[in-house]
Amino acid sequence: MHCQLIVPALLPQGEEAAAAMQDLRLPALEMLLARGRRTSDEAMSLEAWLAEAFEGDPEAEIPAGALTLSATGGTPADSAWMRADPAHLRLNRDQLVLVPALAFPIKPIEAEALVATLNSHFAGELTFYPVLADRWCVRVESPLAGELRMRTPIEVAGKDINRHLPTGDIATRWHALLNEMQMVLHEHEVNEAREARGEPVVNSVWLWGAGALPDDVAGPFQSVTADDPLAIGYAKAAGMRNRPVPRSAEEWLERLPEDGRQLLVLDALRLPFALSDLETWRTRVQEIDSIWCVPLIEALKAGRIGMVTIVVPDADSLLSVESTRNDLRHFWRRPKALASLL
């Protein structure tokens, strides 16, 4: 069995990264990174990596809306879909900073009420579906007659949205729609109640991932374990076994097939780092070390699994490190602090 872990934002760049990694030691993770065999490639986002892994074009717009709908039990058919993720816009001096709803709780009943109002306002043009309380999809009722390129909410999190709006020859239309959505949500009773409780209001929607469900999706994995609906959507489209991330590696290993390559998406680091929540980032890295890497090393030593590969797609360059039981015996490759890999 080959266990492949993809861990975006494990090696983020910049001064904030250096501060977050100060005095951070991760014995099991450091051992896997030090004693395994490394390869590198051009850096890319998790979404682009998934597209490439499932034989798509990582440079093209990823159909995140259709994949998410499929992952959550919907039927995209041949319609054009987008993700329309609820978000909070925070005024920071002269900037409007995006905070995705993944960073704060939204109740399903709140999401349904907000979506009902949007659907009433945009009837005949857009139809919103709150497939998850913090991740929505929207069906575009008329074809997208032109090019539209959009960034994911994780890429824009903590940044000024005006520098990351959709681009392309039909982008102006979507800029106007985004402003209209913000006006519809501005004085919604759900937001008035949230503001009275001191909670972030849902005062915007972030549009991204336009397209129809792709055909002929395939990949090298026997199973996919992820909380990201994009990864689950690809797995379903390829006919692969899939399930959410369990509490620990032990629980994960108990239910895996004995053979083949098994993909695990550990995407708990990108959002806290993007929002400069360095304490949460450090805590989650330590959990990856203790809850995932320690048991995987033990499974390697016992011959229960044959290989562990850790992939960090969005470092300075894409880093992939393969480790077998024999690699663990290379004691002269001494583990080093994570900061040394920056």
# chains A, B, ... in the order shown; residues from 1 in each chain; ligands from 1

$ select_by_dssp --residues "segment 175-242 of chain A" --states "alpha helix (DSSP H)" --output "PyMOL selection string"
chain A and resi 175-186+189-196+229-237

$ write_last_selection --atoms "C-alpha atoms" --output "compact mmCIF listing (two decimals), in the first residue's frame"
# COMPACT_ATOMS: atom_id res chain seq x y z
CA HIS A 175 -18.02 42.39 -10.98
CA ALA A 176 -21.45 44.00 -11.25
CA LEU A 177 -23.18 40.84 -10.04
CA LEU A 178 -20.83 40.63 -7.07
CA ASN A 179 -21.69 44.20 -6.06
CA GLU A 180 -25.39 43.44 -6.47
CA MET A 181 -25.11 40.37 -4.23
CA GLN A 182 -23.43 42.45 -1.56
CA MET A 183 -26.28 44.96 -1.67
CA VAL A 184 -28.88 42.18 -1.35
CA LEU A 185 -27.10 40.72 1.69
CA HIS A 186 -26.28 44.03 3.36
CA GLU A 189 -32.34 39.92 8.80
CA VAL A 190 -29.90 37.03 9.23
CA ASN A 191 -27.02 39.50 9.19
CA GLU A 192 -28.79 41.90 11.53
CA ALA A 193 -29.17 39.05 14.03
CA ARG A 194 -25.54 37.97 13.57
CA GLU A 195 -24.30 41.52 14.08
CA ALA A 196 -26.39 41.84 17.26
CA PRO A 229 -15.60 18.69 -1.66
CA LEU A 230 -13.45 19.39 -4.71
CA ALA A 231 -11.30 16.32 -3.97
CA ILE A 232 -14.37 14.21 -3.21
CA GLY A 233 -16.01 15.44 -6.43
CA TYR A 234 -13.03 14.30 -8.48
CA ALA A 235 -13.03 10.93 -6.69
CA LYS A 236 -16.74 10.40 -7.39
CA ALA A 237 -16.33 11.41 -11.03

$ residues_around --residues "Glu258 of chain A" --least-positions-apart "3" --cutoff "9 Å" --atoms "only C-alpha atoms" --output "PyMOL selection string"
chain A and resi 1+304-305

$ residues_around --residues "Asn242 of chain A" --least-positions-apart "5" --cutoff "6 Å" --atoms "only C-alpha atoms" --output "PyMOL selection string"
chain A and resi 223-225

$ residues_around --residues "Asp94 of chain A" --least-positions-apart "5" --cutoff "12 Å" --atoms "only C-alpha atoms" --output "PyMOL selection string"
chain A and resi 159-162

$ write_last_selection --atoms "C-alpha atoms" --output "mmCIF file, in the first residue's frame"
data_model
loop_
_atom_site.group_PDB
_atom_site.id
_atom_site.type_symbol
_atom_site.label_atom_id
_atom_site.label_comp_id
_atom_site.auth_asym_id
_atom_site.auth_seq_id
_atom_site.Cartn_x
_atom_site.Cartn_y
_atom_site.Cartn_z
ATOM 1 C CA LYS A 159 -6.293 40.111 1.025
ATOM 2 C CA ASP A 160 -7.943 43.087 -0.635
ATOM 3 C CA ILE A 161 -10.635 41.677 -2.935
ATOM 4 C CA ASN A 162 -10.303 44.567 -5.384
#

$ atom_distance --atom1 "atom CA of Thr152 of chain A" --atom2 "atom CA of Arg135 of chain A"
12.0 Å

$ closest_residue --among "A:Ile109, A:Trp252, A:Glu155, A:Met82" --to "Thr127 of chain A" --atoms "only C-alpha atoms"
A:Met82

$ select_by_dssp --residues "segment 71-217 of chain A" --states "strand (DSSP E)" --output "JSON, numbers by chain"
{"A": [80, 81, 82, 83, 84, 85, 86, 87, 88, 89, 90, 91, 92, 95, 96, 97, 98, 99, 100, 126, 127, 128, 129, 130, 131, 132, 135, 136, 137, 138, 139, 140, 204, 205, 206, 207, 208, 209, 210, 211]}

$ write_last_selection --atoms "N, CA and C atoms" --output "tab-separated table (two decimals), in the first residue's frame"
chain	number	residue	atom	x	y	z
A	80	ALA	N	-24.00	24.80	-16.43
A	80	ALA	CA	-22.81	25.53	-16.00
A	80	ALA	C	-22.97	25.91	-14.54
A	81	TRP	N	-21.99	25.55	-13.74
A	81	TRP	CA	-22.03	25.80	-12.30
A	81	TRP	C	-20.82	26.61	-11.87
A	82	MET	N	-20.96	27.26	-10.73
A	82	MET	CA	-19.85	27.94	-10.08
A	82	MET	C	-19.96	27.67	-8.60
A	83	ARG	N	-18.86	27.84	-7.89
A	83	ARG	CA	-18.93	27.95	-6.44
A	83	ARG	C	-19.29	29.39	-6.12
A	84	ALA	N	-20.12	29.56	-5.11
A	84	ALA	CA	-20.53	30.89	-4.66
A	84	ALA	C	-20.42	30.89	-3.14
A	85	ASP	N	-19.20	30.94	-2.64
A	85	ASP	CA	-18.96	30.74	-1.22
A	85	ASP	C	-19.30	31.98	-0.40
A	86	PRO	N	-20.10	31.81	0.66
A	86	PRO	CA	-20.40	32.96	1.53
A	86	PRO	C	-19.13	33.47	2.18
A	87	ALA	N	-19.09	34.77	2.43
A	87	ALA	CA	-17.87	35.38	2.97
A	87	ALA	C	-18.23	36.63	3.75
A	88	HIS	N	-17.27	37.05	4.55
A	88	HIS	CA	-17.37	38.31	5.29
A	88	HIS	C	-16.31	39.26	4.74
A	89	LEU	N	-16.74	40.45	4.35
A	89	LEU	CA	-15.80	41.50	3.92
A	89	LEU	C	-15.52	42.41	5.10
A	90	ARG	N	-14.26	42.52	5.46
A	90	ARG	CA	-13.84	43.32	6.61
A	90	ARG	C	-13.10	44.55	6.12
A	91	LEU	N	-13.54	45.71	6.57
A	91	LEU	CA	-12.88	46.94	6.17
A	91	LEU	C	-11.58	47.10	6.95
A	92	ASN	N	-10.48	47.22	6.22
A	92	ASN	CA	-9.16	47.38	6.82
A	92	ASN	C	-8.51	48.60	6.18
A	95	GLN	N	-9.01	49.11	2.43
A	95	GLN	CA	-9.16	47.84	1.75
A	95	GLN	C	-10.37	47.07	2.26
A	96	LEU	N	-10.96	46.26	1.37
A	96	LEU	CA	-11.98	45.30	1.76
A	96	LEU	C	-11.34	43.92	1.76
A	97	VAL	N	-11.15	43.36	2.94
A	97	VAL	CA	-10.42	42.09	3.09
A	97	VAL	C	-11.42	40.95	3.17
A	98	LEU	N	-11.14	39.88	2.42
A	98	LEU	CA	-12.04	38.73	2.37
A	98	LEU	C	-11.73	37.75	3.50
A	99	VAL	N	-12.78	37.35	4.23
A	99	VAL	CA	-12.69	36.29	5.23
A	99	VAL	C	-13.68	35.21	4.82
A	100	PRO	N	-13.23	34.08	4.28
A	100	PRO	CA	-14.15	33.02	3.86
A	100	PRO	C	-14.96	32.48	5.03
A	126	LEU	N	-29.58	33.43	-11.95
A	126	LEU	CA	-28.73	32.58	-11.11
A	126	LEU	C	-29.61	31.83	-10.12
A	127	THR	N	-29.23	30.58	-9.83
A	127	THR	CA	-29.92	29.81	-8.80
A	127	THR	C	-28.88	29.27	-7.82
A	128	PHE	N	-28.97	29.69	-6.56
A	128	PHE	CA	-28.01	29.32	-5.53
A	128	PHE	C	-28.48	28.07	-4.78
A	129	TYR	N	-27.51	27.25	-4.37
A	129	TYR	CA	-27.79	26.05	-3.60
A	129	TYR	C	-26.83	26.00	-2.40
A	130	PRO	N	-27.34	26.02	-1.17
A	130	PRO	CA	-26.45	25.93	0.00
A	130	PRO	C	-26.11	24.47	0.30
A	131	VAL	N	-25.30	23.86	-0.57
A	131	VAL	CA	-25.01	22.43	-0.45
A	131	VAL	C	-24.32	22.12	0.89
A	132	LEU	N	-23.54	23.07	1.37
A	132	LEU	CA	-23.00	23.06	2.73
A	132	LEU	C	-23.22	24.46	3.28
A	135	ARG	N	-20.29	26.54	2.15
A	135	ARG	CA	-19.86	26.42	0.75
A	135	ARG	C	-21.10	26.23	-0.11
A	136	TRP	N	-21.35	27.22	-0.97
A	136	TRP	CA	-22.54	27.19	-1.81
A	136	TRP	C	-22.16	26.98	-3.27
A	137	CYS	N	-23.15	26.53	-4.05
A	137	CYS	CA	-23.00	26.44	-5.49
A	137	CYS	C	-24.06	27.30	-6.15
A	138	VAL	N	-23.80	27.72	-7.38
A	138	VAL	CA	-24.78	28.51	-8.13
A	138	VAL	C	-24.83	27.99	-9.56
A	139	ARG	N	-26.05	27.77	-10.03
A	139	ARG	CA	-26.25	27.38	-11.42
A	139	ARG	C	-26.47	28.65	-12.25
A	140	VAL	N	-25.70	28.76	-13.31
A	140	VAL	CA	-25.81	29.91	-14.20
A	140	VAL	C	-26.85	29.56	-15.26
A	204	SER	N	-21.07	39.09	1.68
A	204	SER	CA	-20.59	38.92	0.31
A	204	SER	C	-20.62	37.45	-0.08
A	205	VAL	N	-20.47	37.22	-1.36
A	205	VAL	CA	-20.34	35.88	-1.93
A	205	VAL	C	-19.13	35.90	-2.84
A	206	TRP	N	-18.29	34.87	-2.75
A	206	TRP	CA	-17.11	34.82	-3.61
A	206	TRP	C	-17.34	33.79	-4.71
A	207	LEU	N	-17.34	34.26	-5.96
A	207	LEU	CA	-17.60	33.42	-7.12
A	207	LEU	C	-16.30	32.86	-7.68
A	208	TRP	N	-16.31	31.55	-7.96
A	208	TRP	CA	-15.11	30.94	-8.55
A	208	TRP	C	-15.49	29.56	-9.09
A	209	GLY	N	-14.59	28.98	-9.89
A	209	GLY	CA	-14.74	27.60	-10.32
A	209	GLY	C	-15.88	27.36	-11.27
A	210	ALA	N	-15.92	28.09	-12.39
A	210	ALA	CA	-17.01	27.95	-13.36
A	210	ALA	C	-16.76	26.77	-14.29
A	211	GLY	N	-17.87	26.13	-14.70
A	211	GLY	CA	-17.76	25.07	-15.70
A	211	GLY	C	-18.72	23.93	-15.44

$ residues_around --residues "Ser248 of chain A" --least-positions-apart "5" --cutoff "10 Å" --atoms "only C-alpha atoms" --output "PDB file with N, CA and C atoms, in the first residue's frame"
ATOM      1  N   LEU A 253      -6.036   4.025   8.539  1.00  0.00           N
ATOM      2  CA  LEU A 253      -5.395   2.796   8.083  1.00  0.00           C
ATOM      3  C   LEU A 253      -6.296   1.578   8.257  1.00  0.00           C
ATOM      4  N   GLU A 287      -0.395  18.743  15.230  1.00  0.00           N
ATOM      5  CA  GLU A 287      -1.358  17.642  15.163  1.00  0.00           C
ATOM      6  C   GLU A 287      -1.054  16.719  13.983  1.00  0.00           C
ATOM      7  N   ILE A 288      -0.648  17.290  12.857  1.00  0.00           N
ATOM      8  CA  ILE A 288      -0.261  16.459  11.717  1.00  0.00           C
ATOM      9  C   ILE A 288       0.910  15.569  12.088  1.00  0.00           C
ATOM     10  N   SER A 290       1.826  14.484  15.206  1.00  0.00           N
ATOM     11  CA  SER A 290       1.533  13.473  16.223  1.00  0.00           C
ATOM     12  C   SER A 290       0.417  12.513  15.809  1.00  0.00           C
ATOM     13  N   ILE A 291      -0.634  13.036  15.155  1.00  0.00           N
ATOM     14  CA  ILE A 291      -1.800  12.212  14.856  1.00  0.00           C
ATOM     15  C   ILE A 291      -1.628  11.429  13.556  1.00  0.00           C
ATOM     16  N   TRP A 292      -0.842  11.991  12.633  1.00  0.00           N
ATOM     17  CA  TRP A 292      -0.694  11.344  11.331  1.00  0.00           C
ATOM     18  C   TRP A 292       0.694  10.757  11.100  1.00  0.00           C
ATOM     19  N   CYS A 293       1.734  11.547  11.280  1.00  0.00           N
ATOM     20  CA  CYS A 293       3.066  11.065  10.908  1.00  0.00           C
ATOM     21  C   CYS A 293       3.599   9.987  11.848  1.00  0.00           C
ATOM     22  N   PRO A 295       1.940   7.588  13.627  1.00  0.00           N
ATOM     23  CA  PRO A 295       1.393   6.267  13.292  1.00  0.00           C
ATOM     24  C   PRO A 295       1.838   5.750  11.927  1.00  0.00           C
TER      25      PRO A 295
END

$ closest_residue --among "A:Glu147, A:Asp314, A:Glu110, A:Glu322" --to "Leu300 of chain A" --atoms "only C-alpha atoms"
A:Glu322

$ closest_residue --among "A:Thr324, A:Ser276, A:Ala337, A:Lys301" --to "Arg35 of chain A" --atoms "only C-alpha atoms"
A:Thr324

$ atom_distance --atom1 "atom CA of Ala302 of chain A" --atom2 "atom CA of Thr283 of chain A"
28.2 Å
